[in-house]
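Participant: Here it is, the structure in full.
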Number of protein chains: 2
Amino acid sequence: MNYSVVVVDDHFLLSQAIGGLVQGFKNFNVLFLCKNGKELLDKLNNPKNIPDLVLMDIKMPILNGIETTEILKKKFPKVKVLALSIEEDEYTILKMLKAGASGYLMKDTKKNILEKALIEVMQKGYYYTNTVSQILIDSLENEIDTDLKEKEIEFIKLACTDMSYKEIADAMCCSYKTVEGYRDSVHKKLKIKNRIGLVLFAIHHNLFTP
Amino acid sequence: MNYSVVVVDDHFLLSQAIGGLVQGFKNFNVLFLCKNGKELLDKLNNPKNIPDLVLMDIKMPILNGIETTEILKKKFPKVKVLALSIEEDEYTILKMLKAGASGYLMKDTKKNILEKALIEVMQKGYYYTNTVSQILIDSLENEIDTDLKEKEIEFIKLACTDMSYKEIADAMCCSYKTVEGYRDSVHKKLKIKNRIGLVLFAIHHNLFTP
DNA sequence: CAAAAATACAGGGAAAACCCTGAAAATTTG
DNA sequence: CAAATTTTCAGGGTTTTCCCTGTATTTTTG
């Protein structure tokens, strides 16, 4: 059995190099490479381009890994997604797995682990490292209260620019006092004490990419 | 002639994959891989480990690419350094070239460009893409006033946390008014209008890694 | 060594951010 | 449809940030 793989990553050298590694594995061949999620989804309109597995980076321009995975799994549930990211952040990992990824490989992954992961995902349907499993278990216990509303997320993204809250209110077409309300609830939910903390949270949790 | 290459990058898959690419090039072989600058410098204490060329990432834990290159070029001026980074930020590129790098490859570099760059660096002594050349020219014209003082850089790093300026003053063992002075001069130099802008600048220019 | 420049710090005022309480208006739900 | 909840927004006060002018103190430089 031979499996086709697509690598999606905006870092060209990385995707090309990973493609090379995958091509070297038994039973796997690389179909093509993509620079971002948009490019991948466009390509998949042609049935010839549908792979068995997608190796997907998370931080990407235009359409990131989480959004791309959500759309991809809706349209093509059979295509397996293996997340491949530099960041090892709990929140992001959970988001990616919720979106439908079958596994999550970190930046310190070695060649033979990549091969093992590819094989297990195609055969068992999933591959979780110990670190990822532990995060999953912890998340069940803690039940992280991070169900941010749409408006709150929109606010956070704007709070990551050098706009004042008054300017943010204009941009969101609402009162300045409403923006203060968003800020207060976000501060409470995320246990953050000021706007700098909010920016750092947003970056770490991929709500905002600087 | 056969040249030895060392790859320094905290992203294991990337360094391994790039190592694979380089190993495939004529006249080049990979000596070893490193996870950060500290690891590289330690290894170089053994004369057997001194390569002809180092492919160096910039964002790394412990010791970053700029600092590592500075130390490396002082101790071993003959070793060529080729920067290999995800970020294409003017300030960082200039810093890296000033530190002694013989070239700067961006994230969209392709396999054959990498080979060409390696060959040119070893033969001509340098390799600059059009983008990098343009940045160099622009910098000469604009003479970017970004010679931040030590204290200002220390301040910026602290301003990237959720500390108040009062707390920063305590941390820096100086008056609150002095901290305000640092802030004002930094705002002026970098043409920034508030603390969020400063954080974003610091991230983009690798003064701070979130 | 004197002039110039850089550095550390102050006063004081305006703007923005922070943080309560509370109350219409809209939405969800039994 | 009425009750409960969520969302939007207001008043008002405190703290922090921002920004100006100005002045000793130290350092650099001709």
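In the structure tokens, each chain is lettered A, B, ... as it comes, each chain's residues begin at 1, and ligands are numbered from 1 in order of appearance.
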I'd like a table as JSON lines: residues in chain B with an atom no more than 10 Å from chain D, each row giving the shortest atom pair and its distance in Å to one decimal, only C-alpha atoms (C1' of nucleotides) counted, sorted by chain and rising residue number.
Facilitator:
{"residue": "B:Ser164", "atom": "CA", "partner": "D:DT16", "partner_atom": "C1'", "distance": 7.6}
{"residue": "B:Tyr165", "atom": "CA", "partner": "D:DT16", "partner_atom": "C1'", "distance": 8.2}
{"residue": "B:Lys166", "atom": "CA", "partner": "D:DT16", "partner_atom": "C1'", "distance": 9.2}
{"residue": "B:Glu180", "atom": "CA", "partner": "D:DC18", "partner_atom": "C1'", "distance": 9.0}
{"residue": "B:Arg183", "atom": "CA", "partner": "D:DC18", "partner_atom": "C1'", "distance": 9.5}
{"residue": "B:Asp184", "atom": "CA", "partner": "D:DC19", "partner_atom": "C1'", "distance": 8.0}
{"residue": "B:Lys193", "atom": "CA", "partner": "D:DC18", "partner_atom": "C1'", "distance": 8.9}
{"residue": "B:Asn194", "atom": "CA", "partner": "D:DC18", "partner_atom": "C1'", "distance": 7.9}
{"residue": "B:Arg195", "atom": "CA", "partner": "D:DT17", "partner_atom": "C1'", "distance": 8.5}
Participant: Could you list, with a cut-off of 10 Å and counting only C-alpha atoms (C1' of nucleotides), the residues of chain C near chain B, each shown with its nearest atom pair and the distance in Å rounded to one decimal, rows sorted by chain and ascending number, as CSV?
Facilitator:
residue,atom,partner,partner_atom,distance
C:DT7,C1',B:Thr178,CA,9.2
C:DA8,C1',B:Thr178,CA,5.9
C:DC9,C1',B:Thr178,CA,5.8
C:DA10,C1',B:Lys177,CA,7.4
Participant: Just the selected residues (C-alpha atoms (C1' of nucleotides)), exported as a tab-separated table (two decimals), in the first residue's frame, please.
Facilitator:
chain	number	residue	atom	x	y	z
C	7	DT	C1'	22.43	60.58	31.41
C	8	DA	C1'	19.41	60.41	35.44
C	9	DC	C1'	15.80	62.50	37.34
C	10	DA	C1'	11.57	66.09	38.72
Participant: Quick one: which chain B residues come within 9 Å of chain A, and what is the nearest atom pair for each with the distance in Å to one decimal, counting only C-alpha atoms, rows ordered by chain and ascending number, as JSON lines?
Facilitator:
{"residue": "B:Asp10", "atom": "CA", "partner": "A:Asp108", "partner_atom": "CA", "distance": 7.6}
{"residue": "B:His11", "atom": "CA", "partner": "A:Lys107", "partner_atom": "CA", "distance": 5.0}
{"residue": "B:Phe12", "atom": "CA", "partner": "A:Asp108", "partner_atom": "CA", "distance": 4.7}
{"residue": "B:Leu13", "atom": "CA", "partner": "A:Thr109", "partner_atom": "CA", "distance": 6.0}
{"residue": "B:Leu14", "atom": "CA", "partner": "A:Leu14", "partner_atom": "CA", "distance": 5.5}
{"residue": "B:Ser15", "atom": "CA", "partner": "A:Leu14", "partner_atom": "CA", "distance": 8.7}
{"residue": "B:Gln16", "atom": "CA", "partner": "A:Lys111", "partner_atom": "CA", "distance": 7.5}
{"residue": "B:Ala17", "atom": "CA", "partner": "A:Ala17", "partner_atom": "CA", "distance": 4.7}
{"residue": "B:Ile18", "atom": "CA", "partner": "A:Ala17", "partner_atom": "CA", "distance": 6.0}
{"residue": "B:Gly19", "atom": "CA", "partner": "A:Ala17", "partner_atom": "CA", "distance": 8.9}
{"residue": "B:Gly20", "atom": "CA", "partner": "A:Ala17", "partner_atom": "CA", "distance": 7.5}
{"residue": "B:Leu21", "atom": "CA", "partner": "A:Ala17", "partner_atom": "CA", "distance": 6.8}
{"residue": "B:Ile86", "atom": "CA", "partner": "A:His11", "partner_atom": "CA", "distance": 6.8}
{"residue": "B:Met106", "atom": "CA", "partner": "A:His11", "partner_atom": "CA", "distance": 8.7}
{"residue": "B:Lys107", "atom": "CA", "partner": "A:His11", "partner_atom": "CA", "distance": 5.0}
{"residue": "B:Asp108", "atom": "CA", "partner": "A:Phe12", "partner_atom": "CA", "distance": 4.7}
{"residue": "B:Thr109", "atom": "CA", "partner": "A:Leu13", "partner_atom": "CA", "distance": 6.0}
{"residue": "B:Lys110", "atom": "CA", "partner": "A:Leu13", "partner_atom": "CA", "distance": 6.0}
{"residue": "B:Lys111", "atom": "CA", "partner": "A:Leu13", "partner_atom": "CA", "distance": 6.9}
{"residue": "B:Leu114", "atom": "CA", "partner": "A:Leu13", "partner_atom": "CA", "distance": 8.8}
{"residue": "B:Ala159", "atom": "CA", "partner": "A:Ile196", "partner_atom": "CA", "distance": 8.4}
{"residue": "B:Cys160", "atom": "CA", "partner": "A:Ile196", "partner_atom": "CA", "distance": 6.9}
{"residue": "B:Thr161", "atom": "CA", "partner": "A:Ile196", "partner_atom": "CA", "distance": 6.5}
{"residue": "B:Asp162", "atom": "CA", "partner": "A:Gly197", "partner_atom": "CA", "distance": 5.1}
{"residue": "B:Met163", "atom": "CA", "partner": "A:Ile196", "partner_atom": "CA", "distance": 8.5}
{"residue": "B:Ile192", "atom": "CA", "partner": "A:Asp162", "partner_atom": "CA", "distance": 8.7}
{"residue": "B:Lys193", "atom": "CA", "partner": "A:Asp162", "partner_atom": "CA", "distance": 7.3}
{"residue": "B:Asn194", "atom": "CA", "partner": "A:Asp162", "partner_atom": "CA", "distance": 6.5}
{"residue": "B:Arg195", "atom": "CA", "partner": "A:Asp162", "partner_atom": "CA", "distance": 7.8}
{"residue": "B:Ile196", "atom": "CA", "partner": "A:Asp162", "partner_atom": "CA", "distance": 5.4}
{"residue": "B:Gly197", "atom": "CA", "partner": "A:Asp162", "partner_atom": "CA", "distance": 5.1}
{"residue": "B:Leu198", "atom": "CA", "partner": "A:Asp162", "partner_atom": "CA", "distance": 8.7}
{"residue": "B:Val199", "atom": "CA", "partner": "A:Ile196", "partner_atom": "CA", "distance": 7.9}
{"residue": "B:Leu200", "atom": "CA", "partner": "A:Pro210", "partner_atom": "CA", "distance": 6.8}
{"residue": "B:Ile203", "atom": "CA", "partner": "A:Pro210", "partner_atom": "CA", "distance": 7.3}
{"residue": "B:His204", "atom": "CA", "partner": "A:Pro210", "partner_atom": "CA", "distance": 7.2}
{"residue": "B:Pro210", "atom": "CA", "partner": "A:Leu200", "partner_atom": "CA", "distance": 6.7}
Participant: Neighbours of Asn49 in chain B within 12 Å (only C-alpha atoms (C1' of nucleotides); same-chain residues fewer than 3 positions away dropped), as JSON, numbers by chain?
Facilitator: {"B": [4, 5, 6, 30, 31, 32, 33, 34, 39, 40, 41, 42, 43, 44, 45, 46, 52, 53, 54, 76, 79]}
Participant: Any idea what's packed within 10 Å of Met60 in chain B, counting only C-alpha atoms (C1' of nucleotides), ignoring anything in its chain fewer than 6 positions away? Could you give it as a PDB file with N, CA, C and O atoms, in the first residue's frame?
Facilitator:
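Ended up saving to out22.pdb:
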ATOM      1  N   VAL B   8      22.858  24.918  12.264  1.00  0.00           N
ATOM      2  CA  VAL B   8      22.456  25.282  13.625  1.00  0.00           C
ATOM      3  C   VAL B   8      21.018  25.796  13.607  1.00  0.00           C
ATOM      4  O   VAL B   8      20.725  26.828  13.008  1.00  0.00           O
ATOM      5  N   ASP B   9      20.124  25.052  14.224  1.00  0.00           N
ATOM      6  CA  ASP B   9      18.707  25.418  14.229  1.00  0.00           C
ATOM      7  C   ASP B   9      18.008  24.635  15.328  1.00  0.00           C
ATOM      8  O   ASP B   9      18.250  23.443  15.497  1.00  0.00           O
ATOM      9  N   ASP B  10      17.153  25.326  16.066  1.00  0.00           N
ATOM     10  CA  ASP B  10      16.469  24.650  17.165  1.00  0.00           C
ATOM     11  C   ASP B  10      15.321  23.783  16.668  1.00  0.00           C
ATOM     12  O   ASP B  10      14.801  22.969  17.395  1.00  0.00           O
ATOM     13  N   HIS B  11      14.927  24.001  15.428  1.00  0.00           N
ATOM     14  CA  HIS B  11      13.870  23.168  14.850  1.00  0.00           C
ATOM     15  C   HIS B  11      14.522  21.913  14.271  1.00  0.00           C
ATOM     16  O   HIS B  11      15.129  21.931  13.215  1.00  0.00           O
ATOM     17  N   LYS B  35      21.500  22.444  18.047  1.00  0.00           N
ATOM     18  CA  LYS B  35      20.184  22.979  18.406  1.00  0.00           C
ATOM     19  C   LYS B  35      20.221  24.458  18.760  1.00  0.00           C
ATOM     20  O   LYS B  35      19.201  25.109  18.766  1.00  0.00           O
ATOM     21  N   ASN B  36      21.398  24.973  19.112  1.00  0.00           N
ATOM     22  CA  ASN B  36      21.507  26.406  19.403  1.00  0.00           C
ATOM     23  C   ASN B  36      22.970  26.853  19.372  1.00  0.00           C
ATOM     24  O   ASN B  36      23.873  26.042  19.211  1.00  0.00           O
ATOM     25  N   GLY B  37      23.171  28.145  19.540  1.00  0.00           N
ATOM     26  CA  GLY B  37      24.505  28.710  19.427  1.00  0.00           C
ATOM     27  C   GLY B  37      25.480  28.179  20.471  1.00  0.00           C
ATOM     28  O   GLY B  37      26.642  27.924  20.191  1.00  0.00           O
ATOM     29  N   LYS B  38      24.991  28.026  21.687  1.00  0.00           N
ATOM     30  CA  LYS B  38      25.828  27.512  22.776  1.00  0.00           C
ATOM     31  C   LYS B  38      26.402  26.140  22.405  1.00  0.00           C
ATOM     32  O   LYS B  38      27.600  25.883  22.573  1.00  0.00           O
ATOM     33  N   ILE B  66      22.581  35.972  16.017  1.00  0.00           N
ATOM     34  CA  ILE B  66      23.407  37.174  15.933  1.00  0.00           C
ATOM     35  C   ILE B  66      24.552  37.109  16.939  1.00  0.00           C
ATOM     36  O   ILE B  66      25.713  37.288  16.596  1.00  0.00           O
ATOM     37  N   THR B  68      25.721  34.486  18.431  1.00  0.00           N
ATOM     38  CA  THR B  68      26.589  33.356  18.111  1.00  0.00           C
ATOM     39  C   THR B  68      27.565  33.714  16.995  1.00  0.00           C
ATOM     40  O   THR B  68      28.760  33.408  17.071  1.00  0.00           O
ATOM     41  N   THR B 209      11.501  37.672  22.273  1.00  0.00           N
ATOM     42  CA  THR B 209      10.812  36.555  21.646  1.00  0.00           C
ATOM     43  C   THR B 209       9.728  36.070  22.589  1.00  0.00           C
ATOM     44  O   THR B 209      10.028  35.636  23.685  1.00  0.00           O
TER      45      THR B 209
END
Participant: Using only C-alpha atoms (C1' of nucleotides), which residues sit within 8 Å of range 127-130 of chain A once same-chain residues fewer than 3 positions away are excluded, as a VMD selection string?
Facilitator: chain A and resid 102 to 105 117 120 to 121 124 133 to 134
Participant: Identify all residues of range 3-191 of chain A in strand (DSSP E or B) (DSSP on the backbone) and supply them as a list in words.
Facilitator: Tyr3, Ser4, Val5, Val6, Val7, Val8, Phe28, Asn29, Val30, Leu31, Phe32, Leu33, Cys34, Leu53, Val54, Leu55, Met56, Lys80, Val81, Leu82, Ala83, Leu84, Gly103, Tyr104, Leu105 and Tyr127 of chain A
Participant: Residues of chain B classed as alpha helix (DSSP H) by DSSP on the backbone are to be reported as a ChimeraX atom specification.
Facilitator: /B:12-24,37-43,65-75,90-99,111-123,130-142,150-159,165-172,176-190,195-204
Participant: Nearest to Ala99 in chain B: which of B:Ala83, B:Leu207, B:Met1, B:Ile153 is it, counting only C-alpha atoms?
Facilitator: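 Of the candidates, the smallest distance to Ala99 in chain B is held by B:Ala83.
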